[in-house]
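K.L.:
Below: one structure in structure tokens.
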Amino acid sequence: MISLSANLADQYLSSFRNRKAVQIACKSLVAYVIIKMVLVWPLSGMITDIYYIPPPVNLIPRLLFWPSVFAMTHHDVFYVCSLAVLALSLFLPWNYMSGALFFWICLNLLRLHSSIINGSDLVVTMLAFWSIGMSVVPVFRSAKLRILQVAVFSLSVLFCQVQVAGIYLVSGWDKLWNTTWQSGEAFAYIAHFDSLINPWFVGSLSHKGIQFFLSWLTIVFELVFVVLIWFRKTRIPVLLVGVVFHLVIMIMLTLPEFGILMILSYLVFLEDSDYDRIRNVFKRPQL
């Protein structure tokens with residue numbers, strides 16, 4: 001009887017497409033948030049001392065944002081508990097509770113750090129929302145619930161992928177019709193931000209030809225990514241180009257946070273077979 005139940009569970013889990021790859025993607029985002037929380041912990045404490053965030057009036061928002069209200073008076077306790085919950089989720093199979101708590105923590109961090117948030121904070125919070133549906137446990141006994149769970153899993157993965165592709169679509173489309181990007185002047189402006197640009201690249205960005213080339217290279221990549229990411233033959237190549245693209249931006253503009261997040265978001269496009277191929281490359285040949 002136990003063996004039969006195990007076989008049914010295995011068959012059920014096999015209906016989740018790329019479930020191992022999706023779990024790696026979710027846990028990588030959790031690890032990203034953990035590292036960021038540790039780095040901004042002192043700054044976050046200073047913010048709570050300076051800026052007071054009043055609690056919401058209505059019941060549902062009060063329950064939803066209770067942790068951020070609690071953090072105003074017990075900041076370190078909030079941080080310790082949140083980090084403990086996130087760290088624990090790294091060692092457990094990804095489940096609905098892990099996803100819900102991950103999103104809840106990200107949402108409250110967004111409210112707590114409202115004075116210093118940037119685009120990466122908004123993106124990781126939205127990705128955390130879709131991670132709730134990317135769960136394969138617990139296994140439901142009802143056949144209808146199992147079908148529903150597989151459907152929710154598949155749609156959550158798809159919507160998460162669409163969101164990542166949508167970031168490039170909006171960014172690329174905006175640049176395409178922006179005269180500053182069309183002419184390459186955008187990189188000329190960037191070169192004058194001493195606190196942003198890496199000094200090693202200031203000289204290179206002073207040439208109009210390079211400015212024009214980099215502008216259109218950025219536009220083309222962002223728009224092409226939206227198309228090629230959905231085809232099996234071009235999926236891995238475009239992801240590799242994207243990794244190089246963001247690494248160059250991270251080095252050129254000394255903006256590691258958003259680049260790292262976007263690279264991690266690529267993991268949601270990978271499949272279990274991709275990890276199997278990587279494992280086979282490093283697998284020792286049997287004598």
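Letters for chains follow the order of the structure tokens (A, B, ...), residue numbers begin at 1 for each chain, and ligand numbers begin at 1 in the order shown.
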Considering only C-alpha atoms, tabulate each residue of stretch 84-118 of chain A that lies at most 10 Å from stretch 52-64 of chain A along with its nearest interatomic pair and the corresponding distance in Å to one decimal; arrange the rows by chain and ascending residue number and present them as a tab-separated table.
P.N.:
residue	atom	partner	partner_atom	distance
A:Trp104	CA	A:Leu64	CA	7.5
A:Ile105	CA	A:Leu64	CA	9.9
A:Leu107	CA	A:Leu64	CA	8.6
A:Asn108	CA	A:Leu64	CA	8.1
A:Arg111	CA	A:Ile53	CA	8.5
A:Leu112	CA	A:Ile53	CA	7.6
A:His113	CA	A:Ile53	CA	10.0
A:Ser114	CA	A:Ile53	CA	9.4
K.L.:
Which polymer residues have any atom within 12 Å of an atom of A:Ala71, counting only C-alpha atoms, with same-chain residues fewer than 2 positions away left out, as a ChimeraX atom specification?
P.N.:
/A:41,44-49,51-55,65-69,73-82,105,108-109,111-113
K.L.:
Store the residues picked out above, limited to N, CA and C atoms, as an mmCIF file, in the first residue's frame.
P.N.:
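That gives us part-v3.cif:
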data_model
loop_
_atom_site.group_PDB
_atom_site.id
_atom_site.type_symbol
_atom_site.label_atom_id
_atom_site.label_comp_id
_atom_site.auth_asym_id
_atom_site.auth_seq_id
_atom_site.Cartn_x
_atom_site.Cartn_y
_atom_site.Cartn_z
ATOM 1 N N TRP A 41 20.761 45.826 6.436
ATOM 2 C CA TRP A 41 20.271 45.782 7.820
ATOM 3 C C TRP A 41 20.586 47.066 8.582
ATOM 4 N N SER A 44 18.596 49.946 7.151
ATOM 5 C CA SER A 44 17.180 49.772 7.442
ATOM 6 C C SER A 44 16.857 50.229 8.862
ATOM 7 N N GLY A 45 17.744 49.916 9.803
ATOM 8 C CA GLY A 45 17.532 50.360 11.180
ATOM 9 C C GLY A 45 17.536 51.869 11.302
ATOM 10 N N MET A 46 18.408 52.528 10.546
ATOM 11 C CA MET A 46 18.458 53.994 10.567
ATOM 12 C C MET A 46 17.176 54.587 9.992
ATOM 13 N N ILE A 47 16.635 53.937 8.961
ATOM 14 C CA ILE A 47 15.409 54.441 8.336
ATOM 15 C C ILE A 47 14.245 54.384 9.312
ATOM 16 N N THR A 48 14.134 53.290 10.047
ATOM 17 C CA THR A 48 13.031 53.161 11.009
ATOM 18 C C THR A 48 13.146 54.177 12.141
ATOM 19 N N ASP A 49 14.374 54.632 12.408
ATOM 20 C CA ASP A 49 14.557 55.651 13.444
ATOM 21 C C ASP A 49 14.161 57.039 12.948
ATOM 22 N N TYR A 51 12.162 57.715 9.786
ATOM 23 C CA TYR A 51 10.855 57.785 9.140
ATOM 24 C C TYR A 51 9.850 56.897 9.868
ATOM 25 N N TYR A 52 8.748 57.499 10.248
ATOM 26 C CA TYR A 52 7.685 56.746 10.901
ATOM 27 C C TYR A 52 6.615 56.399 9.878
ATOM 28 N N ILE A 53 6.287 55.121 9.779
ATOM 29 C CA ILE A 53 5.254 54.671 8.856
ATOM 30 C C ILE A 53 4.007 54.334 9.671
ATOM 31 N N PRO A 54 2.949 55.104 9.544
ATOM 32 C CA PRO A 54 1.745 54.834 10.341
ATOM 33 C C PRO A 54 1.082 53.527 9.910
ATOM 34 N N PRO A 55 0.474 52.822 10.835
ATOM 35 C CA PRO A 55 -0.208 51.562 10.485
ATOM 36 C C PRO A 55 -1.441 51.821 9.645
ATOM 37 N N PHE A 65 0.256 44.151 6.364
ATOM 38 C CA PHE A 65 1.483 44.916 6.623
ATOM 39 C C PHE A 65 1.834 44.958 8.105
ATOM 40 N N TRP A 66 1.310 44.025 8.874
ATOM 41 C CA TRP A 66 1.639 43.995 10.295
ATOM 42 C C TRP A 66 3.137 43.850 10.561
ATOM 43 N N PRO A 67 3.867 43.006 9.820
ATOM 44 C CA PRO A 67 5.308 42.887 10.090
ATOM 45 C C PRO A 67 6.064 44.205 9.952
ATOM 46 N N SER A 68 5.720 45.021 8.940
ATOM 47 C CA SER A 68 6.424 46.298 8.766
ATOM 48 C C SER A 68 6.090 47.266 9.898
ATOM 49 N N VAL A 69 4.859 47.212 10.405
ATOM 50 C CA VAL A 69 4.485 48.045 11.548
ATOM 51 C C VAL A 69 5.238 47.577 12.792
ATOM 52 N N THR A 73 9.147 49.339 15.705
ATOM 53 C CA THR A 73 9.543 49.368 17.119
ATOM 54 C C THR A 73 10.433 48.184 17.508
ATOM 55 N N HIS A 74 10.440 47.129 16.685
ATOM 56 C CA HIS A 74 11.254 45.945 16.981
ATOM 57 C C HIS A 74 11.985 45.522 15.705
ATOM 58 N N HIS A 75 12.809 46.432 15.199
ATOM 59 C CA HIS A 75 13.440 46.241 13.900
ATOM 60 C C HIS A 75 14.296 44.979 13.839
ATOM 61 N N ASP A 76 15.196 44.801 14.799
ATOM 62 C CA ASP A 76 16.104 43.666 14.781
ATOM 63 C C ASP A 76 15.361 42.337 14.931
ATOM 64 N N VAL A 77 14.311 42.328 15.724
ATOM 65 C CA VAL A 77 13.514 41.103 15.879
ATOM 66 C C VAL A 77 12.868 40.733 14.557
ATOM 67 N N PHE A 78 12.323 41.729 13.866
ATOM 68 C CA PHE A 78 11.724 41.493 12.551
ATOM 69 C C PHE A 78 12.747 40.923 11.581
ATOM 70 N N TYR A 79 13.934 41.488 11.577
ATOM 71 C CA TYR A 79 14.974 41.034 10.652
ATOM 72 C C TYR A 79 15.425 39.608 10.973
ATOM 73 N N VAL A 80 15.638 39.326 12.235
ATOM 74 C CA VAL A 80 16.085 37.990 12.630
ATOM 75 C C VAL A 80 15.042 36.945 12.261
ATOM 76 N N CYS A 81 13.787 37.220 12.567
ATOM 77 C CA CYS A 81 12.710 36.264 12.263
ATOM 78 C C CYS A 81 12.544 36.079 10.763
ATOM 79 N N SER A 82 12.598 37.166 10.026
ATOM 80 C CA SER A 82 12.442 37.076 8.573
ATOM 81 C C SER A 82 13.585 36.288 7.950
ATOM 82 N N ILE A 105 7.075 38.670 3.227
ATOM 83 C CA ILE A 105 8.271 39.364 3.717
ATOM 84 C C ILE A 105 8.725 40.420 2.716
ATOM 85 N N ASN A 108 6.452 43.470 2.815
ATOM 86 C CA ASN A 108 6.671 44.312 3.986
ATOM 87 C C ASN A 108 8.017 45.021 3.939
ATOM 88 N N LEU A 109 9.011 44.385 3.354
ATOM 89 C CA LEU A 109 10.291 45.066 3.152
ATOM 90 C C LEU A 109 10.112 46.243 2.202
ATOM 91 N N ARG A 111 7.466 48.076 1.883
ATOM 92 C CA ARG A 111 6.823 49.167 2.629
ATOM 93 C C ARG A 111 7.783 49.770 3.648
ATOM 94 N N LEU A 112 8.556 48.927 4.302
ATOM 95 C CA LEU A 112 9.492 49.400 5.320
ATOM 96 C C LEU A 112 10.577 50.274 4.709
ATOM 97 N N HIS A 113 11.016 49.920 3.485
ATOM 98 C CA HIS A 113 12.105 50.649 2.823
ATOM 99 C C HIS A 113 11.569 51.555 1.713
#
K.L.:
For A:Val152, which residue among A:Phe16, A:Phe193, A:Tyr266, A:Phe213 is the nearest when counting only C-alpha atoms?
P.N.:
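Ranking A:Phe16, A:Phe193, A:Tyr266, A:Phe213 by distance to A:Val152, first place goes to A:Phe16.
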K.L.:
I'd like the neighbourhood of stretch 166-181 of chain A as JSON, numbers by chain, where a residue qualifies if any of its atoms comes within 6 Å (using only C-alpha atoms), though same-chain residues fewer than 4 positions away should be ignored.
P.N.:
{"A": [162, 185, 186, 215, 219, 222, 223]}
K.L.:
Those same residues - C-alpha atoms - I'd like them written as a short mmCIF file (atom, residue, chain, number, x, y, z; two decimals), in the first residue's frame.
P.N.:
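Everything below was put into selection_32.cif:
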data_model
loop_
_atom_site.label_atom_id
_atom_site.label_comp_id
_atom_site.auth_asym_id
_atom_site.auth_seq_id
_atom_site.Cartn_x
_atom_site.Cartn_y
_atom_site.Cartn_z
CA VAL A 162 6.03 36.75 -19.19
CA GLU A 185 23.20 60.54 -26.29
CA ALA A 186 21.96 58.38 -23.43
CA SER A 215 22.49 52.38 -27.61
CA ILE A 219 17.61 48.30 -27.87
CA GLU A 222 15.95 43.88 -25.22
CA LEU A 223 13.46 43.55 -28.08
#
K.L.:
Using only C-alpha atoms, which of A:Val220, A:Leu148, A:Ala188, A:Ile34 sits nearest A:Lys208?
P.N.:
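Using only C-alpha atoms, the shortest distance to A:Lys208 belongs to A:Ala188.
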K.L.:
Report the distance between atom CA of A:Val40 and atom CA of A:Glu257 in Å, rounded to one decimal place.
P.N.:
12.1 Å
K.L.:
When DSSP is applied to the backbone of this structure, which of stretch 4-198 of chain A are assigned helix (DSSP H, G or I)? Write them out as a JSON list (two decimals) with C-alpha atoms, in the first residue's frame.
P.N.:
[["chain", "number", "residue", "atom", "x", "y", "z"],
["A", 4, "LEU", "CA", 1.48, 2.12, -4.38],
["A", 5, "SER", "CA", 1.03, 5.52, -2.77],
["A", 6, "ALA", "CA", 4.65, 6.37, -3.47],
["A", 7, "ASN", "CA", 4.24, 5.38, -7.13],
["A", 8, "LEU", "CA", 1.13, 7.52, -7.47],
["A", 9, "ALA", "CA", 2.96, 10.44, -5.88],
["A", 10, "ASP", "CA", 5.87, 10.01, -8.30],
["A", 11, "GLN", "CA", 3.51, 9.90, -11.27],
["A", 12, "TYR", "CA", 1.73, 12.98, -9.98],
["A", 13, "LEU", "CA", 4.96, 14.93, -9.47],
["A", 14, "SER", "CA", 6.15, 13.96, -12.96],
["A", 19, "ARG", "CA", 9.66, 21.23, -11.24],
["A", 20, "LYS", "CA", 13.31, 20.90, -10.12],
["A", 21, "ALA", "CA", 14.42, 23.85, -12.23],
["A", 22, "VAL", "CA", 11.54, 25.96, -10.92],
["A", 23, "GLN", "CA", 12.45, 25.15, -7.31],
["A", 24, "ILE", "CA", 16.04, 26.24, -7.98],
["A", 25, "ALA", "CA", 14.74, 29.51, -9.46],
["A", 26, "CYS", "CA", 12.53, 30.22, -6.41],
["A", 27, "LYS", "CA", 15.24, 29.42, -3.89],
["A", 28, "SER", "CA", 17.78, 31.52, -5.79],
["A", 29, "LEU", "CA", 15.48, 34.53, -5.41],
["A", 30, "VAL", "CA", 15.16, 33.78, -1.70],
["A", 31, "ALA", "CA", 18.96, 33.66, -1.38],
["A", 32, "TYR", "CA", 19.17, 37.00, -3.19],
["A", 33, "VAL", "CA", 16.72, 38.59, -0.72],
["A", 34, "ILE", "CA", 18.61, 37.10, 2.26],
["A", 35, "ILE", "CA", 21.92, 38.59, 1.09],
["A", 36, "LYS", "CA", 20.33, 41.96, 0.38],
["A", 37, "MET", "CA", 18.64, 42.04, 3.79],
["A", 38, "VAL", "CA", 21.93, 41.34, 5.53],
["A", 39, "LEU", "CA", 23.66, 44.12, 3.58],
["A", 40, "VAL", "CA", 20.99, 46.77, 4.20],
["A", 41, "TRP", "CA", 20.27, 45.78, 7.82],
["A", 42, "PRO", "CA", 22.13, 48.76, 9.39],
["A", 43, "LEU", "CA", 20.65, 51.21, 6.89],
["A", 44, "SER", "CA", 17.18, 49.77, 7.44],
["A", 45, "GLY", "CA", 17.53, 50.36, 11.18],
["A", 46, "MET", "CA", 18.46, 53.99, 10.57],
["A", 47, "ILE", "CA", 15.41, 54.44, 8.34],
["A", 48, "THR", "CA", 13.03, 53.16, 11.01],
["A", 49, "ASP", "CA", 14.56, 55.65, 13.44],
["A", 50, "ILE", "CA", 14.03, 58.59, 11.07],
["A", 59, "LEU", "CA", -8.33, 45.49, 8.77],
["A", 60, "ILE", "CA", -6.96, 43.60, 5.74],
["A", 61, "PRO", "CA", -4.07, 46.05, 5.10],
["A", 62, "ARG", "CA", -3.30, 46.01, 8.81],
["A", 63, "LEU", "CA", -2.95, 42.23, 8.75],
["A", 64, "LEU", "CA", -1.01, 42.28, 5.48],
["A", 66, "TRP", "CA", 1.64, 43.99, 10.29],
["A", 67, "PRO", "CA", 5.31, 42.89, 10.09],
["A", 68, "SER", "CA", 6.42, 46.30, 8.77],
["A", 69, "VAL", "CA", 4.49, 48.05, 11.55],
["A", 70, "PHE", "CA", 6.07, 45.70, 14.09],
["A", 71, "ALA", "CA", 9.51, 46.44, 12.60],
["A", 72, "MET", "CA", 9.14, 50.13, 13.41],
["A", 73, "THR", "CA", 9.54, 49.37, 17.12],
["A", 75, "HIS", "CA", 13.44, 46.24, 13.90],
["A", 76, "ASP", "CA", 16.10, 43.67, 14.78],
["A", 77, "VAL", "CA", 13.51, 41.10, 15.88],
["A", 78, "PHE", "CA", 11.72, 41.49, 12.55],
["A", 79, "TYR", "CA", 14.97, 41.03, 10.65],
["A", 80, "VAL", "CA", 16.09, 37.99, 12.63],
["A", 81, "CYS", "CA", 12.71, 36.26, 12.26],
["A", 82, "SER", "CA", 12.44, 37.08, 8.57],
["A", 83, "LEU", "CA", 15.95, 35.84, 7.83],
["A", 84, "ALA", "CA", 15.30, 32.64, 9.81],
["A", 85, "VAL", "CA", 12.11, 31.94, 7.84],
["A", 86, "LEU", "CA", 13.80, 32.60, 4.50],
["A", 87, "ALA", "CA", 16.86, 30.52, 5.41],
["A", 88, "LEU", "CA", 14.65, 27.60, 6.47],
["A", 89, "SER", "CA", 12.82, 27.68, 3.13],
["A", 96, "TYR", "CA", 2.77, 27.13, -0.72],
["A", 97, "MET", "CA", 3.75, 28.23, 2.76],
["A", 98, "SER", "CA", 7.31, 29.04, 1.64],
["A", 99, "GLY", "CA", 6.03, 31.05, -1.32],
["A", 100, "ALA", "CA", 3.42, 32.92, 0.71],
["A", 101, "LEU", "CA", 5.87, 33.83, 3.47],
["A", 102, "PHE", "CA", 8.48, 34.86, 0.90],
["A", 103, "PHE", "CA", 6.02, 37.20, -0.79],
["A", 104, "TRP", "CA", 4.75, 38.52, 2.57],
["A", 105, "ILE", "CA", 8.27, 39.36, 3.72],
["A", 106, "CYS", "CA", 9.16, 41.02, 0.39],
["A", 107, "LEU", "CA", 5.97, 43.06, 0.48],
["A", 108, "ASN", "CA", 6.67, 44.31, 3.99],
["A", 109, "LEU", "CA", 10.29, 45.07, 3.15],
["A", 110, "LEU", "CA", 8.99, 47.13, 0.24],
["A", 111, "ARG", "CA", 6.82, 49.17, 2.63],
["A", 112, "LEU", "CA", 9.49, 49.40, 5.32],
["A", 119, "GLY", "CA", 13.36, 48.86, -9.54],
["A", 120, "SER", "CA", 14.95, 45.64, -8.30],
["A", 121, "ASP", "CA", 12.82, 45.73, -5.13],
["A", 122, "LEU", "CA", 9.64, 45.97, -7.18],
["A", 123, "VAL", "CA", 10.71, 43.20, -9.54],
["A", 124, "VAL", "CA", 11.68, 40.73, -6.81],
["A", 125, "THR", "CA", 8.38, 41.36, -5.02],
["A", 126, "MET", "CA", 6.40, 40.57, -8.17],
["A", 127, "LEU", "CA", 8.49, 37.46, -8.81],
["A", 128, "ALA", "CA", 7.89, 36.41, -5.20],
["A", 129, "PHE", "CA", 4.15, 36.65, -5.81],
["A", 130, "TRP", "CA", 4.31, 34.15, -8.70],
["A", 131, "SER", "CA", 6.51, 31.85, -6.62],
["A", 143, "ALA", "CA", -7.95, 14.23, -8.45],
["A", 144, "LYS", "CA", -9.61, 17.58, -9.18],
["A", 145, "LEU", "CA", -7.30, 19.38, -6.77],
["A", 146, "ARG", "CA", -4.28, 17.68, -8.33],
["A", 147, "ILE", "CA", -5.33, 18.86, -11.78],
["A", 148, "LEU", "CA", -5.90, 22.35, -10.41],
["A", 149, "GLN", "CA", -2.49, 22.34, -8.72],
["A", 150, "VAL", "CA", -0.70, 21.39, -11.95],
["A", 151, "ALA", "CA", -2.61, 24.13, -13.79],
["A", 152, "VAL", "CA", -1.73, 26.76, -11.15],
["A", 153, "PHE", "CA", 1.91, 25.64, -11.22],
["A", 154, "SER", "CA", 2.14, 25.89, -15.02],
["A", 155, "LEU", "CA", 0.37, 29.25, -15.18],
["A", 156, "SER", "CA", 2.51, 30.71, -12.38],
["A", 157, "VAL", "CA", 5.69, 29.72, -14.20],
["A", 158, "LEU", "CA", 4.34, 31.14, -17.46],
["A", 159, "PHE", "CA", 3.23, 34.42, -15.89],
["A", 160, "CYS", "CA", 6.61, 34.77, -14.18],
["A", 161, "GLN", "CA", 8.36, 34.25, -17.51],
["A", 162, "VAL", "CA", 6.03, 36.75, -19.19],
["A", 163, "GLN", "CA", 6.82, 39.29, -16.48],
["A", 164, "VAL", "CA", 10.57, 38.96, -17.04],
["A", 165, "ALA", "CA", 10.11, 39.22, -20.81],
["A", 166, "GLY", "CA", 7.76, 42.16, -20.24],
["A", 167, "ILE", "CA", 10.50, 44.07, -18.43],
["A", 168, "TYR", "CA", 12.64, 43.89, -21.56],
["A", 169, "LEU", "CA", 9.69, 44.69, -23.83],
["A", 170, "VAL", "CA", 8.73, 47.86, -21.96],
["A", 171, "SER", "CA", 12.35, 48.96, -21.61],
["A", 172, "GLY", "CA", 13.27, 48.23, -25.23],
["A", 173, "TRP", "CA", 10.10, 49.75, -26.68],
["A", 174, "ASP", "CA", 10.58, 52.93, -24.65],
["A", 175, "LYS", "CA", 14.19, 53.25, -25.83],
["A", 176, "LEU", "CA", 13.20, 52.57, -29.44],
["A", 179, "THR", "CA", 15.47, 60.24, -29.40],
["A", 180, "THR", "CA", 18.10, 60.27, -26.66],
["A", 181, "TRP", "CA", 18.62, 56.53, -27.12],
["A", 182, "GLN", "CA", 18.23, 56.65, -30.90],
["A", 183, "SER", "CA", 21.11, 59.11, -31.20],
["A", 185, "GLU", "CA", 23.20, 60.54, -26.29],
["A", 186, "ALA", "CA", 21.96, 58.38, -23.43],
["A", 187, "PHE", "CA", 25.45, 56.95, -22.99],
["A", 188, "ALA", "CA", 26.93, 60.44, -23.24],
["A", 189, "TYR", "CA", 24.80, 61.44, -20.25],
["A", 190, "ILE", "CA", 25.78, 58.27, -18.40],
["A", 191, "ALA", "CA", 29.47, 59.06, -18.93]]
K.L.:
Rounded to one decimal place, report the atom CA of A:Met262-atom CA of A:Phe245 distance in Å.
P.N.:
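Pair atom CA of A:Met262 / atom CA of A:Phe245 returns 10.4 Å.
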K.L.:
Atom CA of A:Asp274 to atom CA of A:Val244: how many Å, to one decimal?
P.N.:
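Between atom CA of A:Asp274 and atom CA of A:Val244 the gap is 18.8 Å.
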K.L.:
Show me, as a PyMOL selection string, the residues that have an atom within 8 Å of A:His246 when counting only C-alpha atoms, minus same-chain residues fewer than 5 positions from it.
P.N.:
chain A and resi 259-260+262-263
K.L.:
Those same residues - N, CA, C and O atoms - I'd like them written as a short mmCIF file (atom, residue, chain, number, x, y, z; two decimals), in the first residue's frame.
P.N.:
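Below is the file that was written, result36.cif:
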data_model
loop_
_atom_site.label_atom_id
_atom_site.label_comp_id
_atom_site.auth_asym_id
_atom_site.auth_seq_id
_atom_site.Cartn_x
_atom_site.Cartn_y
_atom_site.Cartn_z
N GLY A 259 21.34 43.91 -11.99
CA GLY A 259 21.92 42.93 -12.90
C GLY A 259 21.88 41.52 -12.35
O GLY A 259 21.52 40.56 -13.05
N ILE A 260 22.24 41.38 -11.08
CA ILE A 260 22.20 40.06 -10.44
C ILE A 260 20.78 39.52 -10.41
O ILE A 260 20.53 38.34 -10.68
N MET A 262 18.25 40.19 -12.44
CA MET A 262 17.81 39.80 -13.77
C MET A 262 18.45 38.48 -14.20
O MET A 262 17.80 37.64 -14.83
N ILE A 263 19.71 38.29 -13.87
CA ILE A 263 20.37 37.03 -14.19
C ILE A 263 19.71 35.88 -13.45
O ILE A 263 19.48 34.80 -14.01
#
